[in-house]
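See structure below.
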Amino acid sequence: MRPLLPLALILCLTAPNTVVAAVRGGDAMYVGGTIAGLTEKTEGKLDLAETAAIFAAKKGAKVTIPYDKIQSLEYGQKAGRRVGLGIAISPLFLLSHKRRHFLTIGFVDEAGKQQGAVFELAKGMVQEALSVFETKSGKKVEYESEEARKHAGVH
């Protein structure tokens, strides 16, 4: 077991930061899209208000997506191996999976222009967010796979 320690340390130090980072709690991340004023990988909070979803970036930018302007919703996941500090603690972390949850929203902005936004959601807010978006927009969420549907709690 001792010879694996140097290898684990090298992997920890060379693993890219993006693999370790994940959205947690009530947070969300704007992964990308066509929204002016937001850059890729902008972290913030997604507030599911009465008439609109409001993404408030940690660095001040705010985007409002009225539910009645939403044209499409898609949910998907990306599963990957946990890499980083965890393997220094236990090589068993290499056997565990980390799921990232993505919601893609197609909508029309206040100027009538088609927009798209991809948000990474924290695991704990996926079911609520999907339910709210479906109910308030009147649009059905499209799931990228049966696996995504299952993990979203939809049967």
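How things are named: the first chain in the structure tokens is A, the next is B, and so on; residues count from 1 in each chain; ligands count from 1 in the order shown.
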Distance query Ala129 in chain A at most 12 Å, only C-alpha atoms, self and fewer than 2 positions along chain excluded, as a short mmCIF file (atom, residue, chain, number, x, y, z; two decimals) with all heavy atoms, in the first residue's frame:
data_model
loop_
_atom_site.label_atom_id
_atom_site.label_comp_id
_atom_site.auth_asym_id
_atom_site.auth_seq_id
_atom_site.Cartn_x
_atom_site.Cartn_y
_atom_site.Cartn_z
N GLY A 26 -27.51 25.30 -1.90
CA GLY A 26 -28.52 25.96 -2.71
C GLY A 26 -27.91 26.74 -3.86
O GLY A 26 -28.56 27.58 -4.46
N ASP A 27 -26.65 26.48 -4.14
CA ASP A 27 -25.95 27.22 -5.18
C ASP A 27 -26.25 26.67 -6.57
O ASP A 27 -26.74 25.56 -6.74
CB ASP A 27 -24.44 27.17 -4.95
CG ASP A 27 -24.00 28.00 -3.76
OD1 ASP A 27 -24.79 28.82 -3.27
OD2 ASP A 27 -22.85 27.82 -3.32
N ALA A 28 -25.92 27.48 -7.56
CA ALA A 28 -26.01 27.10 -8.96
C ALA A 28 -24.84 27.75 -9.67
O ALA A 28 -24.19 28.65 -9.14
CB ALA A 28 -27.33 27.57 -9.56
N LEU A 46 -29.76 30.50 -7.51
CA LEU A 46 -30.91 30.49 -8.40
C LEU A 46 -32.15 30.55 -7.53
O LEU A 46 -32.46 29.61 -6.81
CB LEU A 46 -30.91 29.23 -9.27
CG LEU A 46 -31.99 29.15 -10.35
CD1 LEU A 46 -31.81 30.29 -11.36
CD2 LEU A 46 -31.92 27.81 -11.05
N ASP A 47 -32.83 31.70 -7.58
CA ASP A 47 -34.05 31.92 -6.79
C ASP A 47 -35.25 31.61 -7.67
O ASP A 47 -35.43 32.21 -8.72
CB ASP A 47 -34.08 33.37 -6.31
CG ASP A 47 -35.32 33.70 -5.50
OD1 ASP A 47 -36.00 32.77 -5.01
OD2 ASP A 47 -35.61 34.90 -5.36
N LEU A 48 -36.07 30.66 -7.22
CA LEU A 48 -37.27 30.28 -7.97
C LEU A 48 -38.45 31.10 -7.45
O LEU A 48 -39.28 30.61 -6.69
CB LEU A 48 -37.50 28.77 -7.82
CG LEU A 48 -36.31 27.90 -8.24
CD1 LEU A 48 -36.57 26.45 -7.91
CD2 LEU A 48 -36.00 28.10 -9.71
N ALA A 49 -38.50 32.36 -7.85
CA ALA A 49 -39.51 33.29 -7.37
C ALA A 49 -40.87 32.99 -8.01
O ALA A 49 -41.01 32.06 -8.79
CB ALA A 49 -39.08 34.72 -7.68
N ALA A 52 -40.71 34.47 -11.96
CA ALA A 52 -39.47 34.32 -12.73
C ALA A 52 -38.39 33.63 -11.91
O ALA A 52 -38.40 33.69 -10.68
CB ALA A 52 -38.96 35.69 -13.17
N ALA A 53 -37.47 32.99 -12.61
CA ALA A 53 -36.27 32.46 -11.97
C ALA A 53 -35.23 33.57 -12.03
O ALA A 53 -35.04 34.21 -13.07
CB ALA A 53 -35.78 31.22 -12.71
N ILE A 54 -34.57 33.81 -10.92
CA ILE A 54 -33.58 34.88 -10.86
C ILE A 54 -32.25 34.28 -10.46
O ILE A 54 -32.11 33.70 -9.38
CB ILE A 54 -33.99 35.96 -9.84
CG1 ILE A 54 -35.37 36.51 -10.21
CG2 ILE A 54 -32.94 37.06 -9.77
CD1 ILE A 54 -36.05 37.27 -9.10
N LEU A 73 -37.03 23.26 -21.84
CA LEU A 73 -36.30 22.86 -20.63
C LEU A 73 -35.69 21.49 -20.89
O LEU A 73 -36.38 20.60 -21.38
CB LEU A 73 -37.24 22.76 -19.43
CG LEU A 73 -37.93 24.04 -18.99
CD1 LEU A 73 -39.08 23.72 -18.05
CD2 LEU A 73 -36.94 24.97 -18.32
N GLU A 74 -34.43 21.32 -20.56
CA GLU A 74 -33.78 20.02 -20.71
C GLU A 74 -32.90 19.76 -19.49
O GLU A 74 -32.17 20.65 -19.04
CB GLU A 74 -32.93 19.98 -21.97
CG GLU A 74 -32.33 18.61 -22.21
CD GLU A 74 -31.54 18.54 -23.50
OE1 GLU A 74 -31.93 19.19 -24.49
OE2 GLU A 74 -30.52 17.83 -23.51
N TYR A 75 -32.98 18.54 -18.98
CA TYR A 75 -32.19 18.16 -17.82
C TYR A 75 -31.27 17.00 -18.20
O TYR A 75 -31.68 16.05 -18.87
CB TYR A 75 -33.10 17.72 -16.66
CG TYR A 75 -32.34 17.12 -15.50
CD1 TYR A 75 -31.58 17.92 -14.66
CD2 TYR A 75 -32.34 15.75 -15.28
CE1 TYR A 75 -30.87 17.37 -13.62
CE2 TYR A 75 -31.64 15.20 -14.24
CZ TYR A 75 -30.90 16.00 -13.40
OH TYR A 75 -30.17 15.45 -12.38
N HIS A 101 -25.38 18.00 -12.24
CA HIS A 101 -26.76 18.14 -12.71
C HIS A 101 -26.90 19.43 -13.51
O HIS A 101 -26.63 20.51 -13.00
CB HIS A 101 -27.70 18.16 -11.51
CG HIS A 101 -27.50 17.00 -10.59
ND1 HIS A 101 -28.16 15.81 -10.76
CD2 HIS A 101 -26.66 16.82 -9.53
CE1 HIS A 101 -27.77 14.95 -9.83
NE2 HIS A 101 -26.86 15.55 -9.07
N PHE A 102 -27.36 19.29 -14.77
CA PHE A 102 -27.43 20.43 -15.67
C PHE A 102 -28.85 20.68 -16.16
O PHE A 102 -29.54 19.76 -16.59
CB PHE A 102 -26.52 20.20 -16.88
CG PHE A 102 -25.07 20.10 -16.52
CD1 PHE A 102 -24.47 18.86 -16.35
CD2 PHE A 102 -24.30 21.23 -16.34
CE1 PHE A 102 -23.13 18.75 -16.00
CE2 PHE A 102 -22.96 21.13 -15.99
CZ PHE A 102 -22.38 19.89 -15.81
N LEU A 103 -29.27 21.93 -16.10
CA LEU A 103 -30.56 22.35 -16.61
C LEU A 103 -30.31 23.37 -17.73
O LEU A 103 -29.65 24.38 -17.51
CB LEU A 103 -31.40 23.00 -15.50
CG LEU A 103 -32.75 23.56 -15.93
CD1 LEU A 103 -33.66 22.46 -16.48
CD2 LEU A 103 -33.42 24.27 -14.76
N THR A 104 -30.84 23.06 -18.90
CA THR A 104 -30.73 23.97 -20.04
C THR A 104 -32.09 24.62 -20.26
O THR A 104 -33.10 23.94 -20.33
CB THR A 104 -30.31 23.20 -21.31
OG1 THR A 104 -29.08 22.52 -21.05
CG2 THR A 104 -30.13 24.14 -22.48
N ILE A 105 -32.07 25.95 -20.33
CA ILE A 105 -33.31 26.71 -20.48
C ILE A 105 -33.24 27.52 -21.78
O ILE A 105 -32.30 28.28 -21.99
CB ILE A 105 -33.51 27.68 -19.30
CG1 ILE A 105 -33.48 26.92 -17.97
CG2 ILE A 105 -34.80 28.47 -19.45
CD1 ILE A 105 -33.43 27.81 -16.75
N PHE A 119 -27.35 25.81 -16.67
CA PHE A 119 -27.01 25.96 -15.26
C PHE A 119 -26.66 24.61 -14.68
O PHE A 119 -27.34 23.61 -14.96
CB PHE A 119 -28.20 26.53 -14.47
CG PHE A 119 -28.53 27.95 -14.82
CD1 PHE A 119 -29.54 28.23 -15.72
CD2 PHE A 119 -27.82 29.01 -14.26
CE1 PHE A 119 -29.86 29.54 -16.06
CE2 PHE A 119 -28.13 30.32 -14.60
CZ PHE A 119 -29.15 30.59 -15.50
N GLU A 120 -25.62 24.58 -13.87
CA GLU A 120 -25.35 23.39 -13.07
C GLU A 120 -26.04 23.63 -11.72
O GLU A 120 -25.85 24.67 -11.10
CB GLU A 120 -23.85 23.17 -12.84
CG GLU A 120 -23.58 21.93 -12.02
CD GLU A 120 -22.11 21.64 -11.79
OE1 GLU A 120 -21.24 22.29 -12.40
OE2 GLU A 120 -21.83 20.77 -10.94
N LEU A 121 -26.85 22.66 -11.31
CA LEU A 121 -27.60 22.79 -10.06
C LEU A 121 -27.01 21.90 -9.00
O LEU A 121 -26.49 20.82 -9.29
CB LEU A 121 -29.06 22.37 -10.29
CG LEU A 121 -29.83 23.09 -11.38
CD1 LEU A 121 -31.22 22.51 -11.52
CD2 LEU A 121 -29.90 24.58 -11.11
N ALA A 122 -27.12 22.32 -7.75
CA ALA A 122 -26.74 21.48 -6.62
C ALA A 122 -27.71 20.30 -6.57
O ALA A 122 -28.90 20.43 -6.89
CB ALA A 122 -26.79 22.27 -5.32
N LYS A 123 -27.21 19.16 -6.18
CA LYS A 123 -28.02 17.93 -6.13
C LYS A 123 -29.32 18.12 -5.35
O LYS A 123 -30.38 17.67 -5.77
CB LYS A 123 -27.19 16.82 -5.49
CG LYS A 123 -27.92 15.52 -5.34
CD LYS A 123 -27.03 14.48 -4.65
CE LYS A 123 -27.77 13.19 -4.44
NZ LYS A 123 -26.93 12.19 -3.78
N GLY A 124 -29.25 18.83 -4.23
CA GLY A 124 -30.40 19.00 -3.36
C GLY A 124 -31.51 19.88 -3.92
O GLY A 124 -32.61 19.90 -3.38
N MET A 125 -31.25 20.61 -5.00
CA MET A 125 -32.28 21.49 -5.53
C MET A 125 -32.84 21.02 -6.86
O MET A 125 -33.74 21.66 -7.42
CB MET A 125 -31.76 22.93 -5.63
CG MET A 125 -30.73 23.18 -6.70
SD MET A 125 -30.15 24.90 -6.77
CE MET A 125 -31.62 25.80 -7.16
N VAL A 126 -32.37 19.88 -7.38
CA VAL A 126 -32.79 19.42 -8.70
C VAL A 126 -34.28 19.16 -8.78
O VAL A 126 -34.98 19.70 -9.65
CB VAL A 126 -32.00 18.16 -9.13
CG1 VAL A 126 -32.58 17.54 -10.38
CG2 VAL A 126 -30.53 18.51 -9.33
N GLN A 127 -34.83 18.33 -7.89
CA GLN A 127 -36.25 17.99 -7.96
C GLN A 127 -37.15 19.21 -7.85
O GLN A 127 -38.09 19.37 -8.62
CB GLN A 127 -36.61 16.96 -6.89
CG GLN A 127 -36.11 15.57 -7.23
CD GLN A 127 -36.52 14.55 -6.18
OE1 GLN A 127 -36.62 14.87 -5.00
NE2 GLN A 127 -36.73 13.32 -6.61
N SER A 131 -39.52 20.72 -10.91
CA SER A 131 -40.96 20.81 -10.65
C SER A 131 -41.46 22.24 -10.83
O SER A 131 -42.48 22.48 -11.48
CB SER A 131 -41.25 20.32 -9.24
OG SER A 131 -42.60 20.48 -8.92
N VAL A 132 -40.75 23.20 -10.27
CA VAL A 132 -41.15 24.61 -10.38
C VAL A 132 -41.12 25.07 -11.83
O VAL A 132 -42.06 25.70 -12.31
CB VAL A 132 -40.25 25.51 -9.49
CG1 VAL A 132 -40.45 26.99 -9.82
CG2 VAL A 132 -40.52 25.25 -8.02
N PHE A 133 -40.04 24.76 -12.54
CA PHE A 133 -39.94 25.19 -13.94
C PHE A 133 -41.06 24.59 -14.78
O PHE A 133 -41.65 25.28 -15.61
CB PHE A 133 -38.57 24.86 -14.52
CG PHE A 133 -37.52 25.88 -14.23
CD1 PHE A 133 -36.54 25.65 -13.29
CD2 PHE A 133 -37.51 27.10 -14.90
CE1 PHE A 133 -35.57 26.60 -13.01
CE2 PHE A 133 -36.55 28.06 -14.63
CZ PHE A 133 -35.57 27.81 -13.68
N GLU A 134 -41.34 23.30 -14.60
CA GLU A 134 -42.42 22.67 -15.37
C GLU A 134 -43.77 23.29 -15.05
O GLU A 134 -44.53 23.65 -15.95
CB GLU A 134 -42.48 21.16 -15.06
CG GLU A 134 -41.70 20.32 -16.01
CD GLU A 134 -42.00 18.84 -15.88
OE1 GLU A 134 -42.67 18.40 -14.91
OE2 GLU A 134 -41.57 18.11 -16.77
N THR A 135 -44.06 23.44 -13.77
CA THR A 135 -45.35 23.96 -13.34
C THR A 135 -45.57 25.40 -13.79
O THR A 135 -46.62 25.74 -14.35
CB THR A 135 -45.48 23.87 -11.80
OG1 THR A 135 -45.31 22.51 -11.42
CG2 THR A 135 -46.82 24.39 -11.34
N LYS A 136 -44.59 26.25 -13.56
CA LYS A 136 -44.79 27.67 -13.82
C LYS A 136 -44.60 28.07 -15.28
O LYS A 136 -45.15 29.07 -15.71
CB LYS A 136 -43.87 28.48 -12.91
CG LYS A 136 -44.29 28.32 -11.45
CD LYS A 136 -43.60 29.28 -10.54
CE LYS A 136 -44.13 29.08 -9.14
NZ LYS A 136 -43.75 30.12 -8.24
N SER A 137 -43.84 27.27 -16.04
CA SER A 137 -43.64 27.60 -17.45
C SER A 137 -44.66 26.91 -18.35
O SER A 137 -44.90 27.35 -19.47
CB SER A 137 -42.24 27.20 -17.91
OG SER A 137 -42.13 25.79 -18.01
N VAL A 141 -40.16 19.14 -19.00
CA VAL A 141 -38.71 18.96 -19.01
C VAL A 141 -38.39 17.75 -19.88
O VAL A 141 -39.00 16.70 -19.74
CB VAL A 141 -38.15 18.74 -17.58
CG1 VAL A 141 -36.67 18.41 -17.63
CG2 VAL A 141 -38.39 19.97 -16.72
N ALA A 152 -33.45 12.24 -11.26
CA ALA A 152 -34.22 13.46 -10.99
C ALA A 152 -35.46 13.13 -10.15
O ALA A 152 -36.16 14.03 -9.72
CB ALA A 152 -34.62 14.13 -12.29
N GLY A 153 -35.73 11.84 -9.94
CA GLY A 153 -36.86 11.44 -9.12
C GLY A 153 -38.15 11.31 -9.90
O GLY A 153 -39.22 11.25 -9.32
#
TODO: Output as a count of residues only all residues of range 36-146 of chain A that backbone DSSP marks as alpha helix (DSSP H).
DONE: 18
Open item on the list: Here is a test: counting only C-alpha atoms, which residue of A:Leu130, A:Val154, A:Ala148, A:Met29 is nearest to Lys78 in chain A?
Closed with: A:Ala148
- [ ] Please measure the separation of CA of His151 in chain A and CA of Arg100 in chain A, giving the value in Å to one decimal.
- [x]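 Interatomic distance, CA of His151 in chain A to CA of Arg100 in chain A: 10.9 Å.
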Open item on the list: Here is a test: counting only C-alpha atoms, which residue of A:Gly25, A:Gly37, A:Gly44, A:Gly106 is nearest to Gln71 in chain A?
Closed with: A:Gly106
Task: Residues of range 24-149 of chain A in strand (DSSP E), written as an MDAnalysis selection string - done: chainID A and resid 27:33 42:48 52:57 62:66 70:81 97:108 114:121 141:143
TODO: Give the answer as one residue: which of A:Ala79, A:Ala61, A:Val118, A:Ala111 has the shortest atom-to-atom distance to Leu38 in chain A, using only C-alpha atoms?
DONE: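 Ranked by minimum distance to Leu38 in chain A, first place goes to A:Ala61.
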Open item on the list: Can you measure CA of Lys59 in chain A to CA of Glu40 in chain A for me? One decimal in Å is fine.
Closed with: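 About the pair CA of Lys59 in chain A and CA of Glu40 in chain A: they are 12.9 Å apart.
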Open item on the list: Using Å and a single decimal, report how far CA of Phe107 in chain A sits from CA of Lys69 in chain A.
Closed with: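 Answer for the CA of Lys69 in chain A to CA of Phe107 in chain A separation: 5.4 Å.
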Task: Pick from A:Gly76, A:Glu144, A:Ala117, A:Thr64 nearest to Thr42 in chain A, counting only C-alpha atoms - done: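 Ranked by minimum distance to Thr42 in chain A, first place goes to A:Ala117.
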